Amino acid sequence: MPSARLIDRAVLLVSGPESRPFLQNLVTADLDKLAAGEARPAALLTPQGKILFDFLVSLDGEALRLDVATSARGDLAKRLTLYKLRAKLTIAPSDEAVATSWDEPVPDGALVDRRFPAGVYRLYGPAAEGAGEDREGFEQLRLSAGIAEAERDFPASDVFPHDVLLDQNEGVSFRKGCYVGQEVVSRMQHRGTARRRIMVLRTESHLTPGAVVEAAGKPIGTVLSARGGLGIAMMRIDKLADALRADQTISADGVPVEAEVPSWAGYTLPEAAGTRADGDA
């Protein structure tokens, strides 16, 4: 069973009788659907609908566990505290270890990582302490699945949930009602204005994070993260579709690349050129 300790991830616990309704009214995911044995993606947005923090949410007894980038945990705690007011709950960091595993056998205490189509798990506390060191293997798995993470792949307040596919993996609910930034996100959904999307890039050469993805000398995206010839990019899918229809070569730093929609995602490239939208509602 391959596995990896994730020292760049940390846990924030939200506990108390009002913890679930408190977060339900703030974050993008529908926490009423959160079940034991799983870790679901979610985000806290700016009022303008951009991602401030993304994290995995899971149950830890009666508490809610937020699995977030270590560098962002303190700021997330401060932001949640601003919203707390008189709610009966506590927001506190936990020193429990975080790890991931994939393939079989499934370790005891593993939670299904719902960002992936299948077979990837999250481990916490004692279950995580014996994890292996195959971080490179996990990064290859993550990139090949087109899973983007704040702090590692994109900065805070720079992207919308649709851009990083939270609308595709139940990281965003369009039915549960209001949360911070909900109006903007819902408008993008109903108008179909999302044009920036995560795409998986593959090449026989080497990809460089930060490289501009081009077609006919014009920028259509940016490489976010890469390992060798595998990477993920934020791309304008309308411009990519136009380039493919025109049989133009897609390249990054002059290296030809193949761009593909993550296998689990439900979106497709636009069929015809239409009104241009930047994704900035």
# chains A, B, ... in the order shown; residues from 1 in each chain; ligands from 1
>>> closest_atom_pairs(of="segment 12-31 of chain A", to="segment 50-61 of chain A", cutoff="10 Å", atoms="only C-alpha atoms", output="Markdown table")
| residue | atom | partner | partner_atom | distance |
| --- | --- | --- | --- | --- |
| A:Leu12 | CA | A:Val57 | CA | 9.8 |
| A:Leu13 | CA | A:Asp60 | CA | 8.2 |
| A:Val14 | CA | A:Asp60 | CA | 9.5 |
| A:Ser15 | CA | A:Asp60 | CA | 9.0 |
| A:Val27 | CA | A:Asp54 | CA | 9.4 |
| A:Thr28 | CA | A:Asp54 | CA | 9.6 |
| A:Ala29 | CA | A:Val57 | CA | 9.0 |
| A:Leu31 | CA | A:Val57 | CA | 8.4 |
>>> write_last_selection(atoms="N, CA, C and O atoms", output="PDB file, in the first residue's frame")
ATOM      1  N   LEU A  12      -7.383  21.710  11.626  1.00  0.00           N
ATOM      2  CA  LEU A  12      -8.091  22.669  12.457  1.00  0.00           C
ATOM      3  C   LEU A  12      -9.406  22.019  12.853  1.00  0.00           C
ATOM      4  O   LEU A  12     -10.150  21.545  11.983  1.00  0.00           O
ATOM      5  N   LEU A  13      -9.693  21.976  14.141  1.00  0.00           N
ATOM      6  CA  LEU A  13     -10.924  21.351  14.631  1.00  0.00           C
ATOM      7  C   LEU A  13     -11.949  22.423  14.996  1.00  0.00           C
ATOM      8  O   LEU A  13     -11.629  23.379  15.699  1.00  0.00           O
ATOM      9  N   VAL A  14     -13.163  22.233  14.511  1.00  0.00           N
ATOM     10  CA  VAL A  14     -14.293  23.087  14.872  1.00  0.00           C
ATOM     11  C   VAL A  14     -15.265  22.198  15.628  1.00  0.00           C
ATOM     12  O   VAL A  14     -15.830  21.259  15.052  1.00  0.00           O
ATOM     13  N   SER A  15     -15.437  22.476  16.914  1.00  0.00           N
ATOM     14  CA  SER A  15     -16.240  21.596  17.758  1.00  0.00           C
ATOM     15  C   SER A  15     -17.253  22.395  18.557  1.00  0.00           C
ATOM     16  O   SER A  15     -17.100  23.606  18.752  1.00  0.00           O
ATOM     17  N   VAL A  27     -19.228  27.851   4.263  1.00  0.00           N
ATOM     18  CA  VAL A  27     -18.386  27.218   3.256  1.00  0.00           C
ATOM     19  C   VAL A  27     -19.210  26.714   2.080  1.00  0.00           C
ATOM     20  O   VAL A  27     -20.432  26.644   2.134  1.00  0.00           O
ATOM     21  N   THR A  28     -18.516  26.331   1.006  1.00  0.00           N
ATOM     22  CA  THR A  28     -19.181  26.017  -0.256  1.00  0.00           C
ATOM     23  C   THR A  28     -19.870  24.659  -0.272  1.00  0.00           C
ATOM     24  O   THR A  28     -20.877  24.486  -0.954  1.00  0.00           O
ATOM     25  N   ALA A  29     -19.337  23.671   0.437  1.00  0.00           N
ATOM     26  CA  ALA A  29     -19.883  22.314   0.381  1.00  0.00           C
ATOM     27  C   ALA A  29     -21.122  22.190   1.260  1.00  0.00           C
ATOM     28  O   ALA A  29     -21.316  22.945   2.213  1.00  0.00           O
ATOM     29  N   LEU A  31     -22.522  20.444   4.064  1.00  0.00           N
ATOM     30  CA  LEU A  31     -22.055  19.612   5.172  1.00  0.00           C
ATOM     31  C   LEU A  31     -23.152  18.725   5.735  1.00  0.00           C
ATOM     32  O   LEU A  31     -22.856  17.800   6.490  1.00  0.00           O
TER      33      LEU A  31
END
>>> select_by_dssp(residues="segment 52-247 of chain A", states="helix (DSSP H, G or I)", output="number ranges by chain")
A: 70-84, 126-129, 135-145, 182-191, 237-245
>>> residues_around(residues="Pro93 of chain A", least_positions_apart="4", cutoff="10 Å", atoms="only C-alpha atoms", output="NGL selection string")
:A and (10-14 or 65-66 or 73-74 or 77)
>>> residues_around(residues="Arg115 of chain A", least_positions_apart="6", cutoff="10 Å", atoms="only C-alpha atoms", output="PyMOL selection string")
chain A and resi 39-42+56+121+142+145-148+165-166+168-171+264
>>> write_last_selection(atoms="C-alpha atoms", output="PDB file, in the first residue's frame")
ATOM      1  CA  ALA A  39     -13.236  13.648   3.556  1.00  0.00           C
ATOM      2  CA  ARG A  40     -15.014  16.125   1.289  1.00  0.00           C
ATOM      3  CA  PRO A  41     -13.552  19.165  -0.484  1.00  0.00           C
ATOM      4  CA  ALA A  42     -14.830  22.609   0.468  1.00  0.00           C
ATOM      5  CA  LEU A  56     -10.990  18.754   3.180  1.00  0.00           C
ATOM      6  CA  TYR A 121      -7.663   7.915   1.185  1.00  0.00           C
ATOM      7  CA  ARG A 142      -2.713  14.132  -7.854  1.00  0.00           C
ATOM      8  CA  ALA A 145      -6.170  13.402 -11.726  1.00  0.00           C
ATOM      9  CA  GLY A 146      -6.162  17.183 -12.167  1.00  0.00           C
ATOM     10  CA  ILE A 147      -6.527  17.962  -8.444  1.00  0.00           C
ATOM     11  CA  ALA A 148      -5.399  21.511  -7.616  1.00  0.00           C
ATOM     12  CA  LEU A 165     -13.252  22.123 -10.437  1.00  0.00           C
ATOM     13  CA  LEU A 166     -14.927  22.347  -7.035  1.00  0.00           C
ATOM     14  CA  GLN A 168     -17.325  18.978 -10.331  1.00  0.00           C
ATOM     15  CA  ASN A 169     -16.582  17.069  -7.110  1.00  0.00           C
ATOM     16  CA  GLU A 170     -19.325  18.345  -4.780  1.00  0.00           C
ATOM     17  CA  GLY A 171     -16.957  20.899  -3.293  1.00  0.00           C
ATOM     18  CA  TRP A 264     -13.573  12.300 -13.636  1.00  0.00           C
TER      19      TRP A 264
END
>>> residues_around(residues="Val223 of chain A", least_positions_apart="4", cutoff="7 Å", atoms="only C-alpha atoms", output="PDB file with N, CA, C and O atoms, in the first residue's frame")
ATOM      1  N   THR A 208       7.496  23.269 -16.867  1.00  0.00           N
ATOM      2  CA  THR A 208       7.970  24.174 -15.827  1.00  0.00           C
ATOM      3  C   THR A 208       6.798  24.917 -15.199  1.00  0.00           C
ATOM      4  O   THR A 208       6.041  25.583 -15.913  1.00  0.00           O
ATOM      5  N   PRO A 209       6.609  24.811 -13.889  1.00  0.00           N
ATOM      6  CA  PRO A 209       5.548  25.581 -13.231  1.00  0.00           C
ATOM      7  C   PRO A 209       5.700  27.076 -13.517  1.00  0.00           C
ATOM      8  O   PRO A 209       6.809  27.618 -13.477  1.00  0.00           O
ATOM      9  N   GLY A 210       4.608  27.722 -13.839  1.00  0.00           N
ATOM     10  CA  GLY A 210       4.630  29.131 -14.189  1.00  0.00           C
ATOM     11  C   GLY A 210       4.759  29.399 -15.670  1.00  0.00           C
ATOM     12  O   GLY A 210       4.569  30.539 -16.118  1.00  0.00           O
ATOM     13  N   ALA A 211       5.069  28.373 -16.460  1.00  0.00           N
ATOM     14  CA  ALA A 211       5.214  28.564 -17.902  1.00  0.00           C
ATOM     15  C   ALA A 211       3.865  28.917 -18.522  1.00  0.00           C
ATOM     16  O   ALA A 211       2.817  28.423 -18.103  1.00  0.00           O
ATOM     17  N   VAL A 212       3.905  29.767 -19.521  1.00  0.00           N
ATOM     18  CA  VAL A 212       2.697  30.158 -20.238  1.00  0.00           C
ATOM     19  C   VAL A 212       2.365  29.092 -21.277  1.00  0.00           C
ATOM     20  O   VAL A 212       3.240  28.652 -22.027  1.00  0.00           O
ATOM     21  N   VAL A 213       1.113  28.674 -21.311  1.00  0.00           N
ATOM     22  CA  VAL A 213       0.640  27.754 -22.344  1.00  0.00           C
ATOM     23  C   VAL A 213       0.135  28.587 -23.511  1.00  0.00           C
ATOM     24  O   VAL A 213      -0.653  29.528 -23.322  1.00  0.00           O
ATOM     25  N   GLY A 231       1.696  17.638 -15.768  1.00  0.00           N
ATOM     26  CA  GLY A 231       1.378  18.839 -15.014  1.00  0.00           C
ATOM     27  C   GLY A 231      -0.090  19.186 -15.076  1.00  0.00           C
ATOM     28  O   GLY A 231      -0.884  18.533 -15.765  1.00  0.00           O
ATOM     29  N   ILE A 232      -0.458  20.211 -14.336  1.00  0.00           N
ATOM     30  CA  ILE A 232      -1.799  20.780 -14.421  1.00  0.00           C
ATOM     31  C   ILE A 232      -1.659  22.251 -14.776  1.00  0.00           C
ATOM     32  O   ILE A 232      -0.715  22.923 -14.369  1.00  0.00           O
ATOM     33  N   ALA A 233      -2.612  22.735 -15.542  1.00  0.00           N
ATOM     34  CA  ALA A 233      -2.592  24.124 -15.978  1.00  0.00           C
ATOM     35  C   ALA A 233      -3.976  24.729 -15.809  1.00  0.00           C
ATOM     36  O   ALA A 233      -4.990  24.032 -15.915  1.00  0.00           O
ATOM     37  N   MET A 234      -4.007  26.029 -15.538  1.00  0.00           N
ATOM     38  CA  MET A 234      -5.256  26.778 -15.575  1.00  0.00           C
ATOM     39  C   MET A 234      -5.370  27.326 -16.990  1.00  0.00           C
ATOM     40  O   MET A 234      -4.521  28.092 -17.441  1.00  0.00           O
TER      41      MET A 234
END
>>> closest_residue(among="A:Arg114, A:Lys84, A:Lys176, A:Arg135", to="Asp32 of chain A", atoms="only C-alpha atoms")
A:Lys176
>>> decode(residues="segment 5-20 of chain A", atoms="all heavy atoms", output="PDB file, in the first residue's frame")
ATOM      1  N   ARG A   5       3.285  10.688   4.320  1.00  0.00           N
ATOM      2  CA  ARG A   5       2.990  11.721   5.307  1.00  0.00           C
ATOM      3  C   ARG A   5       2.944  13.065   4.584  1.00  0.00           C
ATOM      4  O   ARG A   5       3.748  13.339   3.685  1.00  0.00           O
ATOM      5  CB  ARG A   5       4.067  11.761   6.377  1.00  0.00           C
ATOM      6  CG  ARG A   5       3.951  10.696   7.432  1.00  0.00           C
ATOM      7  CD  ARG A   5       2.852  10.989   8.450  1.00  0.00           C
ATOM      8  NE  ARG A   5       3.117  12.175   9.241  1.00  0.00           N
ATOM      9  CZ  ARG A   5       3.761  12.180  10.405  1.00  0.00           C
ATOM     10  NH1 ARG A   5       4.243  11.048  10.893  1.00  0.00           N
ATOM     11  NH2 ARG A   5       3.938  13.286  11.073  1.00  0.00           N
ATOM     12  N   LEU A   6       2.009  13.911   4.969  1.00  0.00           N
ATOM     13  CA  LEU A   6       1.845  15.216   4.344  1.00  0.00           C
ATOM     14  C   LEU A   6       2.174  16.293   5.371  1.00  0.00           C
ATOM     15  O   LEU A   6       1.295  16.812   6.062  1.00  0.00           O
ATOM     16  CB  LEU A   6       0.408  15.367   3.824  1.00  0.00           C
ATOM     17  CG  LEU A   6      -0.050  14.314   2.814  1.00  0.00           C
ATOM     18  CD1 LEU A   6      -1.513  14.530   2.437  1.00  0.00           C
ATOM     19  CD2 LEU A   6       0.829  14.328   1.564  1.00  0.00           C
ATOM     20  N   ILE A   7       3.453  16.624   5.476  1.00  0.00           N
ATOM     21  CA  ILE A   7       3.874  17.567   6.507  1.00  0.00           C
ATOM     22  C   ILE A   7       3.472  19.000   6.177  1.00  0.00           C
ATOM     23  O   ILE A   7       3.557  19.881   7.037  1.00  0.00           O
ATOM     24  CB  ILE A   7       5.401  17.487   6.742  1.00  0.00           C
ATOM     25  CG1 ILE A   7       6.154  17.830   5.442  1.00  0.00           C
ATOM     26  CG2 ILE A   7       5.787  16.101   7.237  1.00  0.00           C
ATOM     27  CD1 ILE A   7       7.656  17.923   5.628  1.00  0.00           C
ATOM     28  N   ASP A   8       3.044  19.236   4.931  1.00  0.00           N
ATOM     29  CA  ASP A   8       2.586  20.567   4.560  1.00  0.00           C
ATOM     30  C   ASP A   8       1.081  20.728   4.754  1.00  0.00           C
ATOM     31  O   ASP A   8       0.497  21.723   4.327  1.00  0.00           O
ATOM     32  CB  ASP A   8       2.952  20.878   3.112  1.00  0.00           C
ATOM     33  CG  ASP A   8       2.358  19.893   2.120  1.00  0.00           C
ATOM     34  OD1 ASP A   8       1.986  18.777   2.542  1.00  0.00           O
ATOM     35  OD2 ASP A   8       2.271  20.221   0.928  1.00  0.00           O
ATOM     36  N   ARG A   9       0.449  19.743   5.397  1.00  0.00           N
ATOM     37  CA  ARG A   9      -0.977  19.815   5.724  1.00  0.00           C
ATOM     38  C   ARG A   9      -1.147  19.789   7.237  1.00  0.00           C
ATOM     39  O   ARG A   9      -0.357  19.157   7.951  1.00  0.00           O
ATOM     40  CB  ARG A   9      -1.749  18.654   5.103  1.00  0.00           C
ATOM     41  CG  ARG A   9      -1.614  18.523   3.616  1.00  0.00           C
ATOM     42  CD  ARG A   9      -2.274  19.653   2.855  1.00  0.00           C
ATOM     43  NE  ARG A   9      -3.726  19.685   3.023  1.00  0.00           N
ATOM     44  CZ  ARG A   9      -4.523  20.474   2.314  1.00  0.00           C
ATOM     45  NH1 ARG A   9      -4.014  21.310   1.412  1.00  0.00           N
ATOM     46  NH2 ARG A   9      -5.831  20.447   2.512  1.00  0.00           N
ATOM     47  N   ALA A  10      -2.180  20.486   7.728  1.00  0.00           N
ATOM     48  CA  ALA A  10      -2.433  20.573   9.158  1.00  0.00           C
ATOM     49  C   ALA A  10      -3.927  20.524   9.403  1.00  0.00           C
ATOM     50  O   ALA A  10      -4.735  20.726   8.487  1.00  0.00           O
ATOM     51  CB  ALA A  10      -1.828  21.854   9.733  1.00  0.00           C
ATOM     52  N   VAL A  11      -4.306  20.287  10.649  1.00  0.00           N
ATOM     53  CA  VAL A  11      -5.705  20.103  11.019  1.00  0.00           C
ATOM     54  C   VAL A  11      -6.186  21.241  11.910  1.00  0.00           C
ATOM     55  O   VAL A  11      -5.481  21.662  12.842  1.00  0.00           O
ATOM     56  CB  VAL A  11      -5.904  18.748  11.737  1.00  0.00           C
ATOM     57  CG1 VAL A  11      -7.288  18.663  12.377  1.00  0.00           C
ATOM     58  CG2 VAL A  11      -5.700  17.606  10.753  1.00  0.00           C
ATOM     59  N   LEU A  12      -7.383  21.710  11.626  1.00  0.00           N
ATOM     60  CA  LEU A  12      -8.091  22.669  12.457  1.00  0.00           C
ATOM     61  C   LEU A  12      -9.406  22.019  12.853  1.00  0.00           C
ATOM     62  O   LEU A  12     -10.150  21.545  11.983  1.00  0.00           O
ATOM     63  CB  LEU A  12      -8.339  23.960  11.670  1.00  0.00           C
ATOM     64  CG  LEU A  12      -8.851  25.173  12.443  1.00  0.00           C
ATOM     65  CD1 LEU A  12      -7.801  25.668  13.432  1.00  0.00           C
ATOM     66  CD2 LEU A  12      -9.221  26.293  11.463  1.00  0.00           C
ATOM     67  N   LEU A  13      -9.693  21.976  14.141  1.00  0.00           N
ATOM     68  CA  LEU A  13     -10.924  21.351  14.631  1.00  0.00           C
ATOM     69  C   LEU A  13     -11.949  22.423  14.996  1.00  0.00           C
ATOM     70  O   LEU A  13     -11.629  23.379  15.699  1.00  0.00           O
ATOM     71  CB  LEU A  13     -10.640  20.483  15.852  1.00  0.00           C
ATOM     72  CG  LEU A  13      -9.839  19.202  15.622  1.00  0.00           C
ATOM     73  CD1 LEU A  13      -9.599  18.484  16.948  1.00  0.00           C
ATOM     74  CD2 LEU A  13     -10.543  18.278  14.630  1.00  0.00           C
ATOM     75  N   VAL A  14     -13.163  22.233  14.511  1.00  0.00           N
ATOM     76  CA  VAL A  14     -14.293  23.087  14.872  1.00  0.00           C
ATOM     77  C   VAL A  14     -15.265  22.198  15.628  1.00  0.00           C
ATOM     78  O   VAL A  14     -15.830  21.259  15.052  1.00  0.00           O
ATOM     79  CB  VAL A  14     -14.958  23.710  13.636  1.00  0.00           C
ATOM     80  CG1 VAL A  14     -16.086  24.646  14.048  1.00  0.00           C
ATOM     81  CG2 VAL A  14     -13.928  24.460  12.796  1.00  0.00           C
ATOM     82  N   SER A  15     -15.437  22.476  16.914  1.00  0.00           N
ATOM     83  CA  SER A  15     -16.240  21.596  17.758  1.00  0.00           C
ATOM     84  C   SER A  15     -17.253  22.395  18.557  1.00  0.00           C
ATOM     85  O   SER A  15     -17.100  23.606  18.752  1.00  0.00           O
ATOM     86  CB  SER A  15     -15.332  20.801  18.700  1.00  0.00           C
ATOM     87  OG  SER A  15     -14.554  21.672  19.500  1.00  0.00           O
ATOM     88  N   GLY A  16     -18.284  21.695  19.023  1.00  0.00           N
ATOM     89  CA  GLY A  16     -19.339  22.340  19.784  1.00  0.00           C
ATOM     90  C   GLY A  16     -20.684  22.122  19.144  1.00  0.00           C
ATOM     91  O   GLY A  16     -20.780  21.725  17.972  1.00  0.00           O
ATOM     92  N   PRO A  17     -21.768  22.374  19.880  1.00  0.00           N
ATOM     93  CA  PRO A  17     -23.108  22.045  19.389  1.00  0.00           C
ATOM     94  C   PRO A  17     -23.532  22.800  18.140  1.00  0.00           C
ATOM     95  O   PRO A  17     -24.418  22.336  17.418  1.00  0.00           O
ATOM     96  CB  PRO A  17     -24.015  22.390  20.584  1.00  0.00           C
ATOM     97  CG  PRO A  17     -23.220  23.334  21.417  1.00  0.00           C
ATOM     98  CD  PRO A  17     -21.797  22.931  21.251  1.00  0.00           C
ATOM     99  N   GLU A  18     -22.905  23.939  17.870  1.00  0.00           N
ATOM    100  CA  GLU A  18     -23.299  24.732  16.701  1.00  0.00           C
ATOM    101  C   GLU A  18     -22.257  24.695  15.587  1.00  0.00           C
ATOM    102  O   GLU A  18     -22.310  25.495  14.654  1.00  0.00           O
ATOM    103  CB  GLU A  18     -23.579  26.178  17.117  1.00  0.00           C
ATOM    104  CG  GLU A  18     -24.738  26.304  18.107  1.00  0.00           C
ATOM    105  CD  GLU A  18     -25.016  27.738  18.504  1.00  0.00           C
ATOM    106  OE1 GLU A  18     -24.356  28.652  17.975  1.00  0.00           O
ATOM    107  OE2 GLU A  18     -25.901  27.956  19.350  1.00  0.00           O
ATOM    108  N   SER A  19     -21.319  23.755  15.676  1.00  0.00           N
ATOM    109  CA  SER A  19     -20.214  23.742  14.712  1.00  0.00           C
ATOM    110  C   SER A  19     -20.683  23.461  13.287  1.00  0.00           C
ATOM    111  O   SER A  19     -20.253  24.136  12.340  1.00  0.00           O
ATOM    112  CB  SER A  19     -19.155  22.722  15.128  1.00  0.00           C
ATOM    113  OG  SER A  19     -19.719  21.431  15.273  1.00  0.00           O
ATOM    114  N   ARG A  20     -21.590  22.483  13.119  1.00  0.00           N
ATOM    115  CA  ARG A  20     -22.009  22.150  11.758  1.00  0.00           C
ATOM    116  C   ARG A  20     -22.853  23.259  11.133  1.00  0.00           C
ATOM    117  O   ARG A  20     -22.558  23.678  10.003  1.00  0.00           O
ATOM    118  CB  ARG A  20     -22.726  20.813  11.695  1.00  0.00           C
ATOM    119  CG  ARG A  20     -22.947  20.363  10.250  1.00  0.00           C
ATOM    120  CD  ARG A  20     -23.604  19.016  10.115  1.00  0.00           C
ATOM    121  NE  ARG A  20     -22.763  17.917  10.560  1.00  0.00           N
ATOM    122  CZ  ARG A  20     -22.703  16.743   9.933  1.00  0.00           C
ATOM    123  NH1 ARG A  20     -23.389  16.525   8.837  1.00  0.00           N
ATOM    124  NH2 ARG A  20     -21.959  15.776  10.415  1.00  0.00           N
TER     125      ARG A  20
END
